[in-house]
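This is coords35.csv (CSV, C-alpha atoms and all ligand atoms).
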chain,number,residue,atom,x,y,z
A,13,MET,CA,-30.6,-9.0,-2.1
A,14,LYS,CA,-31.0,-7.8,-5.7
A,15,ARG,CA,-27.8,-8.1,-7.7
A,16,ASP,CA,-29.0,-8.3,-11.3
A,17,ARG,CA,-27.4,-5.0,-12.5
A,18,SER,CA,-24.1,-5.8,-10.8
A,19,ILE,CA,-24.0,-9.2,-12.5
A,20,GLU,CA,-24.9,-7.6,-15.9
A,21,LEU,CA,-22.1,-5.0,-15.5
A,22,TYR,CA,-19.6,-7.6,-14.5
A,23,ASN,CA,-20.4,-9.6,-17.6
A,24,GLU,CA,-19.9,-6.5,-19.7
A,25,ALA,CA,-16.7,-5.7,-17.8
A,26,LEU,CA,-15.2,-9.1,-18.7
A,27,LYS,CA,-15.2,-8.0,-22.3
A,28,TYR,CA,-13.0,-5.1,-21.7
A,29,LEU,CA,-11.0,-5.5,-18.5
A,30,PRO,CA,-8.9,-8.6,-17.5
A,31,ALA,CA,-11.1,-10.6,-15.0
A,32,GLY,CA,-13.6,-7.7,-15.3
A,33,VAL,CA,-11.7,-5.6,-12.7
A,34,ASN,CA,-8.8,-3.2,-12.3
A,35,SER,CA,-7.3,-4.8,-9.2
A,36,PRO,CA,-7.0,-8.5,-8.2
A,37,VAL,CA,-8.5,-7.7,-4.8
A,38,ARG,CA,-11.8,-6.7,-6.5
A,39,ALA,CA,-12.2,-9.9,-8.5
A,40,PHE,CA,-13.9,-11.8,-5.6
A,41,ARG,CA,-12.0,-15.0,-6.6
A,42,SER,CA,-10.9,-15.7,-3.1
A,43,VAL,CA,-14.4,-15.1,-1.6
A,44,GLY,CA,-16.6,-16.5,-4.4
A,45,GLY,CA,-19.4,-14.8,-6.3
A,46,THR,CA,-19.1,-11.8,-8.5
A,47,PRO,CA,-18.1,-8.2,-7.6
A,48,LEU,CA,-20.7,-5.6,-6.6
A,49,PHE,CA,-20.7,-2.4,-8.7
A,50,MET,CA,-21.1,0.8,-6.8
A,51,LYS,CA,-23.1,3.7,-8.2
A,52,ARG,CA,-22.5,6.4,-5.6
A,53,GLY,CA,-21.4,7.2,-2.1
A,54,GLN,CA,-22.6,9.7,0.4
A,55,GLY,CA,-21.1,10.1,3.9
A,56,ALA,CA,-20.6,6.7,5.4
A,57,HIS,CA,-22.8,4.9,2.8
A,58,LEU,CA,-22.3,3.3,-0.5
A,59,PHE,CA,-25.1,2.5,-2.9
A,60,ASP,CA,-24.7,-0.2,-5.6
A,61,GLU,CA,-26.2,-0.3,-9.1
A,62,ASP,CA,-29.2,-2.3,-7.8
A,63,GLY,CA,-30.0,0.3,-5.2
A,64,ASN,CA,-28.6,-1.7,-2.1
A,65,ASP,CA,-27.3,0.6,0.7
A,66,TYR,CA,-24.1,-0.4,2.5
A,67,ILE,CA,-22.2,1.1,5.5
A,68,ASP,CA,-18.7,1.6,4.0
A,69,TYR,CA,-16.1,0.4,6.4
A,70,CYS,CA,-13.4,0.5,3.7
A,71,MET,CA,-13.5,4.2,2.6
A,72,SER,CA,-11.6,3.6,-0.6
A,73,TRP,CA,-8.9,1.9,1.5
A,74,GLY,CA,-8.2,4.9,3.6
A,75,PRO,CA,-8.2,8.2,1.7
A,76,LEU,CA,-11.9,9.0,2.2
A,77,ILE,CA,-11.4,9.8,5.8
A,78,LEU,CA,-14.1,12.6,5.5
A,79,GLY,CA,-16.6,10.2,3.9
A,80,HIS,CA,-18.1,10.1,0.4
A,81,ALA,CA,-18.9,13.3,-1.4
A,82,ASP,CA,-18.2,15.6,1.5
A,83,ARG,CA,-19.5,19.1,0.5
A,84,GLU,CA,-16.4,21.1,1.5
A,85,VAL,CA,-14.1,18.6,-0.3
A,86,ILE,CA,-16.2,18.7,-3.5
A,87,GLU,CA,-16.3,22.5,-3.4
A,88,ALA,CA,-12.5,22.6,-3.1
A,89,ILE,CA,-12.0,20.2,-6.0
A,90,ARG,CA,-14.4,22.2,-8.1
A,91,GLU,CA,-12.7,25.5,-7.4
A,92,THR,CA,-9.3,24.1,-8.1
A,93,ALA,CA,-10.3,22.2,-11.2
A,94,LEU,CA,-11.7,25.5,-12.7
A,95,LYS,CA,-8.1,26.8,-12.7
A,96,GLY,CA,-6.7,23.8,-14.7
A,97,THR,CA,-6.1,20.2,-13.7
A,98,SER,CA,-2.5,19.5,-14.5
A,99,PHE,CA,0.4,21.8,-15.5
A,100,GLY,CA,3.4,19.4,-15.8
A,101,THR,CA,5.5,22.2,-14.1
A,102,PRO,CA,6.2,23.2,-10.5
A,103,ASN,CA,3.3,25.0,-8.9
A,104,ARG,CA,2.6,26.7,-5.5
A,105,PHE,CA,0.0,24.1,-4.6
A,106,GLU,CA,2.5,21.3,-4.2
A,107,VAL,CA,4.7,23.5,-2.0
A,108,GLU,CA,1.7,24.4,0.2
A,109,LEU,CA,0.7,20.7,0.4
A,110,GLY,CA,4.3,19.6,1.3
A,111,GLU,CA,4.3,22.2,4.0
A,112,MET,CA,1.0,21.0,5.4
A,113,VAL,CA,2.1,17.4,5.5
A,114,ILE,CA,5.4,18.2,7.2
A,115,GLU,CA,3.5,20.4,9.8
A,116,ALA,CA,1.1,17.5,10.5
A,117,PHE,CA,3.9,14.9,10.9
A,118,PRO,CA,6.9,16.4,12.7
A,119,SER,CA,9.1,13.3,11.9
A,120,ILE,CA,8.9,14.0,8.2
A,121,GLU,CA,11.6,16.3,6.8
A,122,LYS,CA,10.8,16.2,3.1
A,123,VAL,CA,8.1,14.7,0.9
A,124,ARG,CA,8.0,13.4,-2.6
A,125,PHE,CA,4.4,13.1,-4.0
A,126,VAL,CA,3.7,10.0,-6.2
A,127,ASN,CA,0.6,8.5,-7.8
A,128,SER,CA,0.4,5.2,-6.0
A,129,GLY,CA,1.6,3.2,-3.1
A,130,THR,CA,3.6,1.0,-5.4
A,131,GLU,CA,5.6,4.0,-6.6
A,132,ALA,CA,6.1,5.2,-3.0
A,133,THR,CA,7.6,1.9,-1.9
A,134,MET,CA,9.7,1.6,-5.1
A,135,SER,CA,11.0,5.1,-4.6
A,136,ALA,CA,11.9,4.4,-0.9
A,137,ILE,CA,13.7,1.2,-1.8
A,138,ARG,CA,15.6,2.8,-4.7
A,139,LEU,CA,16.7,5.6,-2.3
A,140,ALA,CA,17.8,3.0,0.3
A,141,ARG,CA,19.8,1.1,-2.3
A,142,GLY,CA,21.4,4.2,-3.7
A,143,PHE,CA,22.3,5.5,-0.2
A,144,THR,CA,23.7,2.2,1.1
A,145,GLY,CA,25.2,0.9,-2.2
A,146,ARG,CA,23.7,-2.5,-1.3
A,147,ASP,CA,21.2,-4.6,-3.3
A,148,LYS,CA,19.3,-6.9,-1.0
A,149,ILE,CA,16.1,-6.0,0.9
A,150,VAL,CA,14.2,-7.7,3.7
A,151,LYS,CA,10.4,-8.0,3.7
A,152,PHE,CA,8.0,-9.8,6.1
A,153,ASP,CA,5.9,-12.8,5.2
A,154,GLY,CA,2.3,-11.6,4.5
A,155,CYS,CA,3.1,-7.9,4.2
A,156,TYR,CA,2.1,-6.3,0.9
A,157,HIS,CA,3.9,-3.4,-0.6
A,158,GLY,CA,2.5,-3.0,-4.0
A,159,HIS,CA,3.1,-4.7,-7.3
A,160,ALA,CA,6.8,-4.0,-8.1
A,161,ASP,CA,8.3,-7.2,-9.3
A,162,TYR,CA,10.8,-7.6,-6.4
A,163,LEU,CA,8.0,-7.1,-3.9
A,164,LEU,CA,5.7,-9.8,-5.3
A,165,VAL,CA,7.8,-12.4,-3.5
A,166,ALA,CA,6.8,-15.2,-1.2
A,167,ALA,CA,8.9,-16.9,1.5
A,168,GLY,CA,10.7,-20.0,0.4
A,169,SER,CA,11.0,-23.1,2.6
A,170,GLY,CA,13.8,-22.2,5.0
A,171,LEU,CA,13.8,-20.3,8.2
A,172,ALA,CA,14.7,-16.9,6.9
A,173,THR,CA,14.6,-17.4,3.2
A,174,PHE,CA,15.5,-16.1,-0.2
A,175,GLY,CA,12.3,-15.1,-1.9
A,176,THR,CA,10.6,-17.0,-4.7
A,177,PRO,CA,8.4,-15.3,-7.3
A,178,ASP,CA,4.8,-15.0,-6.0
A,179,SER,CA,3.3,-14.2,-9.4
A,180,ALA,CA,3.6,-15.4,-13.0
A,181,GLY,CA,5.7,-12.9,-14.8
A,182,VAL,CA,8.1,-12.2,-11.9
A,183,THR,CA,11.5,-13.7,-12.7
A,184,SER,CA,13.6,-15.5,-10.2
A,185,GLY,CA,16.3,-12.9,-10.9
A,186,ASN,CA,13.9,-10.2,-9.6
A,187,ALA,CA,13.1,-12.2,-6.5
A,188,LYS,CA,16.6,-13.1,-5.6
A,189,ASP,CA,17.5,-9.9,-3.8
A,190,THR,CA,14.4,-10.0,-1.6
A,191,LEU,CA,14.7,-11.9,1.6
A,192,VAL,CA,11.6,-12.9,3.5
A,193,VAL,CA,11.3,-13.4,7.3
A,194,PRO,CA,8.3,-13.9,9.6
A,195,TYR,CA,6.8,-10.8,11.2
A,196,ASN,CA,7.0,-10.4,15.0
A,197,ASP,CA,10.0,-12.8,15.3
A,198,ILE,CA,13.1,-10.8,16.2
A,199,GLU,CA,15.3,-13.8,16.7
A,200,LYS,CA,14.8,-15.0,13.1
A,201,LEU,CA,15.7,-11.6,11.8
A,202,GLU,CA,18.8,-11.5,14.0
A,203,LYS,CA,19.8,-14.9,12.6
A,204,LEU,CA,19.4,-13.6,9.1
A,205,LEU,CA,21.3,-10.4,9.7
A,206,LYS,CA,24.4,-12.2,11.1
A,207,PRO,CA,25.6,-13.4,7.7
A,208,GLU,CA,23.6,-10.9,5.5
A,209,GLY,CA,23.5,-7.6,7.5
A,210,GLU,CA,26.1,-5.8,5.5
A,211,ASN,CA,24.4,-6.7,2.1
A,212,ILE,CA,21.0,-5.4,3.1
A,213,ALA,CA,19.9,-1.9,1.9
A,214,ALA,CA,16.5,-1.8,3.6
A,215,ILE,CA,14.0,-3.6,5.8
A,216,ILE,CA,10.5,-2.8,4.7
A,217,LEU,CA,7.3,-3.5,6.7
A,218,GLU,CA,3.8,-2.5,7.5
A,219,PRO,CA,4.3,-1.5,11.2
A,220,VAL,CA,0.8,-2.8,11.9
A,221,PRO,CA,0.3,-5.2,9.0
A,222,CYS,CA,-3.2,-4.5,7.5
A,223,ASN,CA,-2.6,-7.0,4.7
A,224,TYR,CA,-1.9,-9.7,7.3
A,225,GLY,CA,-4.9,-9.3,9.5
A,226,LEU,CA,-4.1,-6.1,11.4
A,227,ILE,CA,-1.7,-7.8,13.8
A,228,LEU,CA,-0.1,-5.6,16.5
A,229,PRO,CA,3.7,-5.7,16.8
A,230,GLN,CA,4.8,-7.4,20.0
A,231,LYS,CA,6.0,-5.1,22.8
A,232,ASP,CA,9.4,-3.6,21.9
A,233,TYR,CA,9.4,-5.3,18.5
A,234,LEU,CA,9.6,-2.1,16.4
A,235,THR,CA,12.2,-0.6,18.8
A,236,ALA,CA,14.4,-3.8,18.4
A,237,LEU,CA,14.0,-3.5,14.7
A,238,ARG,CA,15.1,0.1,14.7
A,239,LYS,CA,18.2,-0.9,16.7
A,240,LEU,CA,19.1,-3.8,14.4
A,241,CYS,CA,18.8,-1.5,11.4
A,242,ASP,CA,21.0,1.2,13.1
A,243,ASP,CA,23.6,-1.5,14.1
A,244,ASN,CA,23.8,-2.8,10.6
A,245,GLY,CA,23.6,0.4,8.6
A,246,ILE,CA,20.2,-0.6,7.1
A,247,VAL,CA,17.4,1.8,6.1
A,248,LEU,CA,14.2,1.0,7.9
A,249,ILE,CA,11.1,1.7,5.8
A,250,PHE,CA,7.6,1.9,7.4
A,251,ASP,CA,5.0,1.4,4.7
A,252,GLU,CA,1.8,3.0,5.9
A,253,VAL,CA,0.0,3.2,2.6
A,254,ILE,CA,-2.9,1.5,4.2
A,255,ASN,CA,-3.1,2.4,7.9
B,1,LIG,C1,0.7,-1.5,2.7
B,1,LIG,C2,0.6,-1.3,1.2
B,1,LIG,N1,1.6,-0.8,0.6
B,1,LIG,C3,1.6,-0.5,-0.8
B,1,LIG,C4,0.4,-0.7,-1.5
B,1,LIG,C5,0.3,-0.4,-2.9
B,1,LIG,O1,-0.5,0.7,-3.2
B,1,LIG,P1,-1.1,0.9,-4.6
B,1,LIG,O2,-2.1,-0.1,-4.8
B,1,LIG,O3,-1.6,2.3,-4.6
B,1,LIG,O4,0.0,0.8,-5.6
B,1,LIG,C6,-0.7,-1.2,-0.8
B,1,LIG,C7,-2.0,-1.5,-1.5
B,1,LIG,O5,-2.9,-2.0,-1.0
B,1,LIG,C8,-0.6,-1.5,0.6
B,1,LIG,O6,-1.7,-2.0,1.3

Could you render the structure as structure tokens?
Ligand SMILES: Cc1ncc(COP(=O)(O)O)c(C=O)c1O
Amino acid sequence: MKRDRSIELYNEALKYLPAGVNSPVRAFRSVGGTPLFMKRGQGAHLFDEDGNDYIDYCMSWGPLILGHADREVIEAIRETALKGTSFGTPNRFEVELGEMVIEAFPSIEKVRFVNSGTEATMSAIRLARGFTGRDKIVKFDGCYHGHADYLLVAAGSGLATFGTPDSAGVTSGNAKDTLVVPYNDIEKLEKLLKPEGENIAAIILEPVPCNYGLILPQKDYLTALRKLCDDNGIVLIFDEVIN
């Protein structure tokens, strides 16, 4: 397979972008080799700078559910952009979009639009902390919720453990309020909540952890989690940024 142009672009990118990329997952460090540079997408296909054709199973990590360069989507973007791209004030489009989202998901009462998954999880956790007046949160080993400092935390060595920073630049102070437990193990969570329940603002998880190999929850696991949260006055946050 021809990759000359991708390699050339990667070497160019190294001059301007840290590790030549804008997200660690694109750096190919864990899989070896150098990243492929895409030139265009059409429907279910991506084409790289060397002309190779790929079936795209990723779809920009979810949002391109209608495929690349869908005609109707492009036309709607074009028509809207002609009226201006950002106002910095309230506008009717956000009201209409909010209404559409709520109609599509009956469990949603209100929405706040943000620019990234990281902002969404940060906002949800801040809300939970404000609401409960508690500081600590629980996350699950292997689940990823964006690059807020207190979410870049790995499990320590114990059973249900205080987090340790998972990245250079994250202080131990930032990690100390994040408790980490294994996913799909309700007993370990119960054990943690016995002493800690009343200090915990939120439990956050990917209900089906995409970042952990798309593992299904055990039967009744999510129901048990819901009950544990209700019993302990904890806010349960489902992070479905990648679903
Ligand atoms: C489950 C989950 N939550 C949050 C995020 C963070 O989203 P973003 O990269 O848009 O900040 C990701 C990103 O992959 C994710 O997979």

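Proximity to A:Asp82 was assessed for A:Met134, A:Ala56, A:Cys70, A:Ala160 counting only C-alpha atoms; the smallest distance is recorded for A:Ala56.
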
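With distances taken over all atoms listed in the file, A:Ala132 is the one residue among A:Leu248, A:Ala132, A:Val113, A:Leu237 lying closest to ligand LIG 1 (chain B).
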
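As for atom CA of A:Lys95 and atom CA of A:Glu111, they are spaced 21.3 Å apart.
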
Please tabulate, as CSV, the residues of chain A that come within 6 Å of ligand LIG 1 (chain B), each with its closest pair of atoms and the distance in Å to one decimal, counting only C-alpha atoms and all ligand atoms and ordering rows by chain, then residue number upward.
residue,atom,partner,partner_atom,distance
A:Ser128,CA,B:LIG1,O3,3.8
A:Gly129,CA,B:LIG1,O1,3.3
A:Thr130,CA,B:LIG1,O4,3.6
A:Tyr156,CA,B:LIG1,C2,5.2
A:His157,CA,B:LIG1,N1,3.7
A:Gly158,CA,B:LIG1,C5,3.6
A:Glu218,CA,B:LIG1,C1,5.8
A:Asp251,CA,B:LIG1,C1,5.6
A:Glu252,CA,B:LIG1,C1,5.6
A:Val253,CA,B:LIG1,N1,4.7
A:Ile254,CA,B:LIG1,O6,4.7

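For the atom pair formed by atom CA of A:Asp189 and atom CA of A:Pro36, the distance is 24.9 Å, given to one decimal.
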
Contact check, stretch 162-216 of chain A to stretch 136-146 of chain A, at most 7 Å, counting all atoms listed in the file, closest pairs as a tab-separated table:
residue	atom	partner	partner_atom	distance
A:Asn211	CA	A:Arg146	CA	5.4
A:Ile212	CA	A:Arg146	CA	5.9
A:Ala213	CA	A:Arg146	CA	5.0
A:Ala214	CA	A:Ala140	CA	6.0

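With distances restricted to all atoms listed in the file, A:Lys239 is the closest residue to A:Ile215 from A:Lys239, A:Arg38, A:His80, A:His57.
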
So that I can check the surroundings of A:Ile198, please list as a PyMOL selection string every protein, DNA and RNA residue that reaches within 10 Å of it, counting all atoms listed in the file and ignoring chain neighbours fewer than 6 positions away.
chain A and resi 204+230+232-234+236-237+240

Residue with the minimum atom-to-atom distance to A:Glu210, picked from A:Arg90, A:Lys14, A:Lys148, A:Arg104 with all atoms listed in the file counted, is A:Lys148

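Using all atoms listed in the file, the protein and nucleic acid residues lying at most 10 Å from the point (0.3, -4.7, 10.7) are Gly154, Cys155, Tyr195, Asn196, Leu217, Glu218, Pro219, Val220, Pro221, Cys222, Asn223, Tyr224, Gly225, Leu226, Ile227, Leu228, Pro229, Asp251, Glu252, Ile254 and Asn255 of chain A.
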
A straight line from atom CA of A:Gly63 to atom CA of A:Asn23 spans 18.5 Å

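Distances from A:Asp153, A:Ile249, A:Tyr66, A:Lys203 to A:Thr133 were compared using all atoms listed in the file, and the smallest one belongs to A:Ile249.
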
Taking 4 positions as the minimum chain separation for residues in the same chain, which residues sit within 12 Å of A:Glu121 when counting all atoms listed in the file? Answer as a PyMOL selection string.
chain A and resi 110-117

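In terms of minimum interatomic distance to A:Ala180, A:Asp161 ranks closest within A:Glu84, A:Asp197, A:Asp161, A:Glu131, counting only C-alpha atoms.
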